[in-house]
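A.B. asks: I am sharing work.txt, which consists of compact mmCIF, C-alpha atoms:
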# COMPACT_ATOMS: atom_id res chain seq x y z
CA MET A 1 -47.37 71.99 351.71
CA LYS A 2 -44.78 71.52 348.98
CA ASP A 3 -41.25 70.42 349.90
CA GLY A 4 -39.78 73.79 348.87
CA SER A 5 -42.26 75.72 351.01
CA ARG A 6 -41.71 73.35 353.93
CA THR A 7 -37.93 73.80 353.68
CA SER A 8 -38.27 77.58 353.52
CA LEU A 9 -40.55 77.60 356.56
CA PHE A 10 -38.06 75.42 358.44
CA ALA A 11 -35.21 77.80 357.54
CA ALA A 12 -37.22 80.82 358.71
CA LEU A 13 -38.11 79.13 362.00
CA ALA A 14 -34.47 78.12 362.51
CA MET A 15 -33.35 81.74 362.04
CA ILE A 16 -36.03 82.97 364.45
CA GLY A 17 -34.99 80.26 366.93
CA ALA A 18 -31.37 81.38 366.64
CA GLY A 19 -32.40 84.97 367.33
CA ALA A 20 -34.45 83.92 370.35
CA SER A 21 -31.56 81.82 371.69
CA PHE A 22 -29.11 84.70 371.29
CA ALA A 23 -31.58 87.03 373.05
CA LEU A 24 -31.71 84.63 376.03
CA VAL A 25 -27.89 84.43 375.99
CA ASN A 26 -27.68 88.22 376.15
CA GLY A 27 -30.21 88.29 378.97
CA ALA A 28 -28.24 85.70 380.95
CA LEU A 29 -24.98 87.61 380.43
CA GLN A 30 -26.57 90.90 381.45
CA ALA A 31 -28.09 89.36 384.58
CA SER A 32 -24.83 87.70 385.65
CA THR A 33 -22.69 90.81 385.07
CA MET A 34 -24.90 93.86 385.63
CA GLN A 35 -27.00 92.42 388.45
CA LEU A 36 -24.89 89.68 390.07
CA GLY A 37 -21.50 91.36 389.74
CA VAL A 38 -19.60 88.73 387.72
CA PRO A 39 -16.72 90.45 385.87
CA SER A 40 -17.41 90.60 382.13
CA THR A 41 -14.12 88.80 381.36
CA SER A 42 -15.13 85.86 383.57
CA ALA A 43 -18.62 85.76 382.07
CA ALA A 44 -17.16 85.65 378.55
CA PHE A 45 -14.76 82.85 379.54
CA TRP A 46 -17.42 80.66 381.11
CA GLN A 47 -19.89 81.22 378.28
CA TYR A 48 -17.47 80.01 375.60
CA ALA A 49 -15.67 77.40 377.74
CA LEU A 50 -18.99 75.73 378.50
CA GLY A 51 -20.00 76.17 374.88
CA LEU A 52 -16.77 74.40 373.88
CA LEU A 53 -17.55 71.47 376.18
CA VAL A 54 -21.03 71.12 374.73
CA GLY A 55 -20.07 71.59 371.09
CA LEU A 56 -16.66 69.90 370.90
CA PRO A 57 -17.93 66.31 370.46
CA PHE A 58 -19.98 67.43 367.43
CA VAL A 59 -17.21 69.55 365.94
CA LEU A 60 -14.58 66.82 366.34
CA ARG A 61 -16.58 64.13 364.58
CA ARG A 62 -13.90 64.09 361.84
CA GLY A 63 -11.13 63.48 364.39
CA LEU A 64 -7.73 65.18 364.18
CA SER A 65 -8.17 65.73 360.45
CA ALA A 66 -10.32 68.73 361.41
CA LEU A 67 -7.15 70.46 362.61
CA ARG A 68 -5.29 70.20 359.30
CA THR A 69 -4.92 73.62 357.75
CA LYS A 70 -2.69 75.70 355.51
CA GLN A 71 -4.22 78.93 356.82
CA LEU A 72 -3.04 78.98 360.45
CA GLY A 73 -2.22 82.69 360.27
CA TRP A 74 -5.75 83.57 359.20
CA HIS A 75 -7.21 81.32 361.91
CA LEU A 76 -5.12 83.17 364.50
CA SER A 77 -6.23 86.53 363.10
CA ARG A 78 -9.86 85.45 363.22
CA GLY A 79 -9.46 84.25 366.80
CA ALA A 80 -7.90 87.56 367.89
CA LEU A 81 -10.66 89.62 366.28
CA ALA A 82 -13.35 87.38 367.78
CA VAL A 83 -11.86 87.57 371.29
CA ILE A 84 -11.78 91.37 371.22
CA GLY A 85 -15.33 91.48 369.86
CA ILE A 86 -16.60 89.11 372.56
CA GLN A 87 -14.87 90.99 375.36
CA LEU A 88 -16.25 94.33 374.16
CA TRP A 89 -19.74 92.86 373.77
CA VAL A 90 -19.93 91.29 377.23
CA ALA A 91 -18.39 94.41 378.78
CA GLY A 92 -21.09 96.40 376.98
CA LEU A 93 -23.87 94.18 378.34
CA ALA A 94 -22.48 94.73 381.83
CA ARG A 95 -22.96 98.50 381.42
CA VAL A 96 -25.52 99.19 378.69
CA GLU A 97 -29.18 98.20 378.62
CA ILE A 98 -29.82 95.27 376.30
CA TRP A 99 -32.08 97.14 373.84
CA GLN A 100 -29.38 99.74 373.14
CA ALA A 101 -26.56 97.18 372.93
CA ILE A 102 -28.32 94.94 370.38
CA ALA A 103 -29.35 97.85 368.16
CA LEU A 104 -25.81 99.21 368.08
CA VAL A 105 -24.21 95.83 367.36
CA MET A 106 -26.51 95.58 364.32
CA THR A 107 -24.20 98.13 362.65
CA SER A 108 -21.76 95.24 362.06
CA PRO A 109 -22.81 94.66 358.38
CA PHE A 110 -21.87 98.27 357.60
CA PHE A 111 -18.41 97.73 359.08
CA VAL A 112 -18.19 94.63 356.84
CA ILE A 113 -18.87 96.79 353.79
CA VAL A 114 -16.17 99.30 354.77
CA GLY A 115 -13.70 96.52 355.59
CA ALA A 116 -14.38 94.68 352.33
CA LYS A 117 -13.51 97.86 350.44
CA LEU A 118 -10.42 98.75 352.47
CA PHE A 119 -8.84 95.30 352.84
CA PHE A 120 -10.16 93.24 349.91
CA SER A 121 -10.77 96.03 347.37
CA GLU A 122 -14.32 94.79 346.76
CA ARG A 123 -16.62 96.94 344.66
CA VAL A 124 -19.16 98.59 346.95
CA GLY A 125 -21.32 100.83 344.77
CA LEU A 126 -23.38 103.92 345.52
CA VAL A 127 -26.37 102.08 347.02
CA ARG A 128 -24.26 100.31 349.63
CA TRP A 129 -22.30 103.44 350.49
CA LEU A 130 -25.54 105.34 351.07
CA ALA A 131 -26.96 102.46 353.13
CA THR A 132 -23.74 102.34 355.19
CA ILE A 133 -23.87 106.08 355.89
CA ALA A 134 -27.54 105.74 356.86
CA GLY A 135 -26.80 102.76 359.12
CA PHE A 136 -24.07 104.59 361.00
CA GLY A 137 -26.37 107.62 361.17
CA GLY A 138 -29.02 105.45 362.85
CA GLY A 139 -26.40 104.36 365.36
CA MET A 140 -25.60 108.00 366.13
CA VAL A 141 -29.29 108.72 366.75
CA ILE A 142 -29.40 105.89 369.31
CA LEU A 143 -26.12 106.94 370.94
CA GLU A 144 -27.12 110.61 371.21
CA PRO A 145 -23.52 111.80 371.80
CA TRP A 146 -24.74 115.41 371.79
CA THR A 147 -26.79 114.96 374.97
CA GLU A 148 -25.85 114.76 378.65
CA ALA A 149 -27.32 111.25 378.76
CA PHE A 150 -24.51 109.94 376.52
CA SER A 151 -22.23 107.35 378.12
CA TRP A 152 -18.89 106.27 376.68
CA ALA A 153 -19.80 102.71 377.69
CA ALA A 154 -22.37 102.77 374.87
CA LEU A 155 -19.47 102.65 372.40
CA LEU A 156 -18.54 99.14 373.59
CA PRO A 157 -21.24 97.41 371.45
CA VAL A 158 -20.13 99.54 368.47
CA GLY A 159 -16.56 98.33 369.00
CA ALA A 160 -17.85 94.75 369.20
CA ALA A 161 -19.68 95.28 365.90
CA ALA A 162 -16.47 96.49 364.24
CA PHE A 163 -14.35 93.56 365.43
CA TRP A 164 -17.05 91.00 364.62
CA ALA A 165 -17.18 92.50 361.14
CA GLY A 166 -13.47 91.78 360.88
CA THR A 167 -14.16 88.22 362.03
CA SER A 168 -16.78 87.86 359.27
CA LEU A 169 -14.37 89.11 356.60
CA VAL A 170 -11.66 86.65 357.67
CA THR A 171 -14.26 83.86 357.81
CA LYS A 172 -15.23 84.65 354.23
CA LYS A 173 -11.60 84.32 353.19
CA LEU A 174 -11.15 81.05 355.07
CA THR A 175 -14.26 79.41 353.58
CA ALA A 176 -12.57 79.46 350.18
CA THR A 177 -10.17 76.70 351.30
CA GLU A 178 -11.28 75.47 354.75
CA ARG A 179 -14.19 73.30 355.90
CA ALA A 180 -16.82 74.86 358.13
CA ASP A 181 -16.16 72.47 361.03
CA SER A 182 -12.42 73.19 360.90
CA ILE A 183 -13.10 76.92 361.03
CA THR A 184 -15.40 76.37 364.01
CA ILE A 185 -13.04 74.18 366.03
CA TYR A 186 -10.09 76.54 365.56
CA LEU A 187 -12.18 79.43 366.82
CA LEU A 188 -13.39 77.51 369.88
CA LEU A 189 -9.90 76.24 370.71
CA LEU A 190 -8.36 79.69 370.38
CA LEU A 191 -11.08 81.57 372.26
CA THR A 192 -11.04 79.54 375.46
CA PRO A 193 -7.37 79.93 376.56
CA VAL A 194 -7.26 83.62 375.64
CA ASN A 195 -10.52 84.31 377.47
CA ALA A 196 -9.12 82.35 380.45
CA LEU A 197 -6.02 84.56 380.61
CA LEU A 198 -8.14 87.71 380.44
CA ALA A 199 -10.41 86.39 383.20
CA LEU A 200 -7.43 85.53 385.42
CA GLY A 201 -6.02 89.01 384.87
CA ASP A 202 -9.34 90.45 386.05
CA GLY A 203 -9.55 88.35 389.21
CA GLY A 204 -10.59 85.08 387.60
CA ILE A 205 -13.55 84.38 389.86
CA VAL A 206 -15.51 81.16 389.68
CA PRO A 207 -19.21 82.08 389.75
CA SER A 208 -21.52 80.20 392.07
CA GLY A 209 -25.21 79.79 392.62
CA GLN A 210 -27.51 81.66 390.26
CA ALA A 211 -24.66 83.29 388.33
CA MET A 212 -23.12 79.92 387.46
CA TRP A 213 -26.45 78.52 386.28
CA LEU A 214 -27.00 81.60 384.12
CA LEU A 215 -23.60 81.15 382.49
CA VAL A 216 -24.19 77.42 381.98
CA GLY A 217 -27.42 78.33 380.22
CA ALA A 218 -25.59 80.96 378.15
CA GLY A 219 -23.01 78.37 377.08
CA VAL A 220 -25.59 75.78 376.03
CA LEU A 221 -27.75 78.38 374.25
CA THR A 222 -24.70 79.76 372.41
CA VAL A 223 -24.14 76.33 370.85
CA LEU A 224 -27.85 75.94 370.07
CA ALA A 225 -28.05 79.40 368.50
CA ASN A 226 -25.06 78.78 366.24
CA TYR A 227 -26.45 75.36 365.24
CA LEU A 228 -29.83 76.87 364.31
CA LEU A 229 -28.07 79.66 362.42
CA THR A 230 -26.12 77.10 360.40
CA LEU A 231 -29.31 75.14 359.67
CA ALA A 232 -31.07 78.28 358.46
CA TYR A 233 -28.31 79.09 355.96
CA GLN A 234 -28.11 75.45 354.85
CA LYS A 235 -31.82 75.15 354.12
CA ALA A 236 -32.41 78.43 352.25
CA ASP A 237 -30.63 81.28 350.53
CA ALA A 238 -29.14 83.97 352.73
CA THR A 239 -31.29 86.60 351.01
CA PHE A 240 -34.42 84.72 352.16
CA VAL A 241 -33.46 84.09 355.79
CA GLN A 242 -31.62 87.36 356.50
CA PRO A 243 -34.77 89.46 357.09
CA PHE A 244 -35.79 87.04 359.85
CA ASP A 245 -32.48 87.81 361.58
CA HIS A 246 -33.76 91.34 362.23
CA LEU A 247 -36.36 89.85 364.58
CA LYS A 248 -33.52 89.59 367.11
CA LEU A 249 -34.11 93.28 367.81
CA PRO A 250 -37.68 92.93 369.18
CA LEU A 251 -36.72 89.62 370.81
CA ASN A 252 -33.90 91.30 372.75
CA ILE A 253 -36.18 94.21 373.64
CA ALA A 254 -38.71 91.70 375.01
CA VAL A 255 -36.05 89.92 377.10
CA GLY A 256 -34.80 93.25 378.44
CA PHE A 257 -38.31 94.39 379.34
CA PHE A 258 -39.59 91.20 380.97
CA ALA A 259 -36.33 90.30 382.74
CA PHE A 260 -35.09 93.73 383.82
CA GLY A 261 -37.86 96.22 383.13
CA PHE A 262 -35.70 98.02 380.53
CA ALA A 263 -37.69 100.05 377.99
CA PRO A 264 -36.17 101.80 374.97
CA SER A 265 -36.01 105.59 374.96
CA GLY A 266 -37.72 107.70 372.32
CA ALA A 267 -34.50 108.18 370.30
CA PHE A 268 -34.11 104.41 369.96
CA TRP A 269 -37.02 103.87 367.59
CA PRO A 270 -36.04 106.15 364.69
CA GLY A 271 -32.41 105.06 364.97
CA ALA A 272 -33.30 101.35 365.00
CA LEU A 273 -35.66 101.76 362.03
CA VAL A 274 -32.88 103.44 360.03
CA ILE A 275 -30.41 100.64 360.87
CA VAL A 276 -32.87 97.87 359.96
CA GLY A 277 -33.97 99.70 356.80
CA ALA A 278 -30.38 100.24 355.67
CA SER A 279 -29.62 96.55 356.31
CA LEU A 280 -32.57 95.53 354.13
CA VAL A 281 -31.35 97.85 351.36
CA VAL A 282 -27.94 96.14 351.47
CA MET A 283 -29.63 92.74 351.34
CA LEU A 284 -31.76 93.71 348.33
CA ASP A 285 -28.71 95.12 346.56
CA GLU A 286 -26.87 91.84 347.17
CA GLN A 287 -29.83 89.93 345.75
CA LYS A 288 -29.80 92.07 342.59
CA ARG A 289 -26.06 91.62 342.19
CA SER A 290 -26.32 87.84 342.55
CA ALA A 291 -29.13 87.68 339.99
CA ARG A 292 -27.15 89.84 337.57
CA ASP A 293 -23.97 87.75 338.04
CA ASN A 294 -25.93 84.53 337.44
CA THR A 295 -27.44 85.98 334.26
CA LEU A 296 -24.01 86.99 332.98
CA ALA A 297 -22.57 83.57 333.84
CA LYS A 298 -25.27 81.84 331.79
CA ALA A 299 -24.85 84.19 328.83
Could you quickly redo this structure as C-alpha cells?
C.D. replies:
Amino acid sequence: MKDGSRTSLFAALAMIGAGASFALVNGALQASTMQLGVPSTSAAFWQYALGLLVGLPFVLRRGLSALRTKQLGWHLSRGALAVIGIQLWVAGLARVEIWQAIALVMTSPFFVIVGAKLFFSERVGLVRWLATIAGFGGGMVILEPWTEAFSWAALLPVGAAAFWAGTSLVTKKLTATERADSITIYLLLLLTPVNALLALGDGGIVPSGQAMWLLVGAGVLTVLANYLLTLAYQKADATFVQPFDHLKLPLNIAVGFFAFGFAPSGAFWPGALVIVGASLVVMLDEQKRSARDNTLAKA
C-alpha cells in the first residue's frame, strides 16, 4: 500500500473512530440522565470537567504561553456559545431518543451557512441555499410538528445545532490568528466553571455508582473523540474525511438500539436521508469552489 493510500485509510479510520466514540458518549449521557436521573446540567459538568482533567496535560504542553491571546473577546464568545450548545444537547439527550437527537443535530452545517452569510457576509450561492433549505426540510420531516406525537423537547437538539454552528464560525475566525491548542485550552477552561455554576443552580448533585462511571467514561471518550477528529483532519483533506463523519448517524442508531431498545420511526428515514444528502451536496460544492480558487490562484 502506498504511503498516500495508507495515510488516507488512517484518516478515514480516525474519523470513524471519532464517530464511534461520540456515539458511546451520547449513549453514556442518555443512560445517566434519562435512565438514572442525573440532571442534565450535572451530567454536562462532569463530562467536560473530567475531560479537562484528562486532556489538560496534553493541551498545556506549551506552558503558560498557550494562554497568550489578543482575541479574548472572541474566546469568551466562543465559550458562551459552546456552553449553551452543550446544555441544550445534554438536556435533549435526557428527553429525546438518541436516533432523533443525532439526526437533528446534523443540521448544524446548515446553520453555519446561514450564519456565515448573516455575520461574515460570505458568498453562499444557489446550490448551498437549496441544500440548506433541503436540510432544514429533512429536520422538519423528522420532527413532525404537524402530528400529535410532536414534543417541544425535540427542538433542544436543533437549538444545540444552532449554537454549535455559532461556535464553529467563531472558531474559524480565531484560527486566523490563534494556535489550535490555545483555542482548545480556552474553551476547556471557560466551559468548566460555567457548567459548574449551572449544575449548582440545578441542585449540583454528585453522581455515584453506575452514573459516575458512565460520566467518567463520557469524559475520557470526549477527549479521545476530539483527538481522533483532529488526527483525521490533519492526515487528509476535509473533503475526503467529511463523508465518513456521516457514519455517526448509523453508529448512534446502533448504540440507541442495543443499549436502550430505541428504534427510529418511519418518518426518520426520509428526513435523515435528506439531511445527509444535503450535507454531501454542500461538501461537493465546497470541493468545487476550492478547486476553482486554486486554479485561479495559479493563473
A.B. asks: With distances taken over all atoms listed in the file, which of A:Leu81, A:Val127, A:Ala44, A:Ile86 is nearest to Ser279 of chain A?
C.D. replies: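 Checking each of A:Leu81, A:Val127, A:Ala44, A:Ile86 against Ser279 of chain A, counting all atoms listed in the file, the winner is A:Val127.
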A.B. asks: Return the single residue from A:Thr192, A:Thr147, A:Ser182, A:Asn252 that is closest to Lys70 of chain A, with distances computed using only C-alpha atoms.
C.D. replies: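 Nearest to Lys70 of chain A: A:Ser182.
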A.B. asks: I'd like the neighbourhood of segment 269-277 of chain A as a count of residues only, where a residue qualifies if any of its atoms comes within 7 Å (using only C-alpha atoms), though same-chain residues fewer than 5 positions away should be ignored.
C.D. replies: 9
A.B. asks: Fewer than 6 positions away in the same chain doesn't count, so skip those; otherwise give me all residues within 8 Å of Thr41 of chain A, counting all atoms listed in the file, as a list in words.
C.D. replies: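 The filter keeps Gln87, Val90, Ala91, Asn195, Leu198, Ala199 and Asp202 of chain A.
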A.B. asks: Using Å and a single decimal, report how far atom CA of Gly209 of chain A sits from atom CA of Phe258 of chain A.
C.D. replies: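 Going from atom CA of Phe258 of chain A over to atom CA of Gly209 of chain A, I get 21.7 Å.
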A.B. asks: With distances taken over all atoms listed in the file, which of A:Ile205, A:Ala232, A:Ala218, A:Leu169 is nearest to Phe111 of chain A?
C.D. replies: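 Ranking A:Ile205, A:Ala232, A:Ala218, A:Leu169 by distance to Phe111 of chain A, first place goes to A:Leu169.
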A.B. asks: Give the answer as one residue: which of A:Ile113, A:Ile98, A:Leu156, A:Leu13 has the shortest atom-to-atom distance to Gly27 of chain A, using all atoms listed in the file?
C.D. replies: A:Ile98
A.B. asks: Which one is closest to Thr7 of chain A: A:Leu143, A:Ala236, A:Leu104, A:Ala291? Count all atoms listed in the file.
C.D. replies: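 The shortest atom-to-atom distance to Thr7 of chain A comes from A:Ala236.
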A.B. asks: Could you state the separation of atom CA of Ile16 of chain A and atom CA of Phe136 of chain A in Å, given to one decimal place?
C.D. replies: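 A separation of 24.9 Å between them.
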A.B. asks: Measuring between only C-alpha atoms, which one of A:Gly203, A:Gly92, A:Pro109, A:Gly219 shows the shortest distance to Gly159 of chain A?
C.D. replies: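 Closest to Gly159 of chain A of all the choices is A:Gly92.
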A.B. asks: Please provide the set of residues having any atom within 9 Å of Val114 of chain A, restricted to all atoms listed in the file, with same-chain residues fewer than 6 positions apart removed, written as a list in words.
C.D. replies: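 So, after excluding close chain neighbours, the residues are Val124, Trp129 and Thr132 of chain A.
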A.B. asks: State, in Å with one decimal place, the distance from atom CA of Leu214 of chain A to atom CA of Ala28 of chain A.
C.D. replies: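 So the answer is 5.3 Å.
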A.B. asks: List every protein, DNA or RNA residue that has at least one atom no more than 12 Å from (-15.7, 80.2, 381.4) in the file's coordinates, counting only C-alpha atoms, and write the result as number ranges by chain.
C.D. replies: A: 29, 38-53, 191-200, 204-207, 211-219
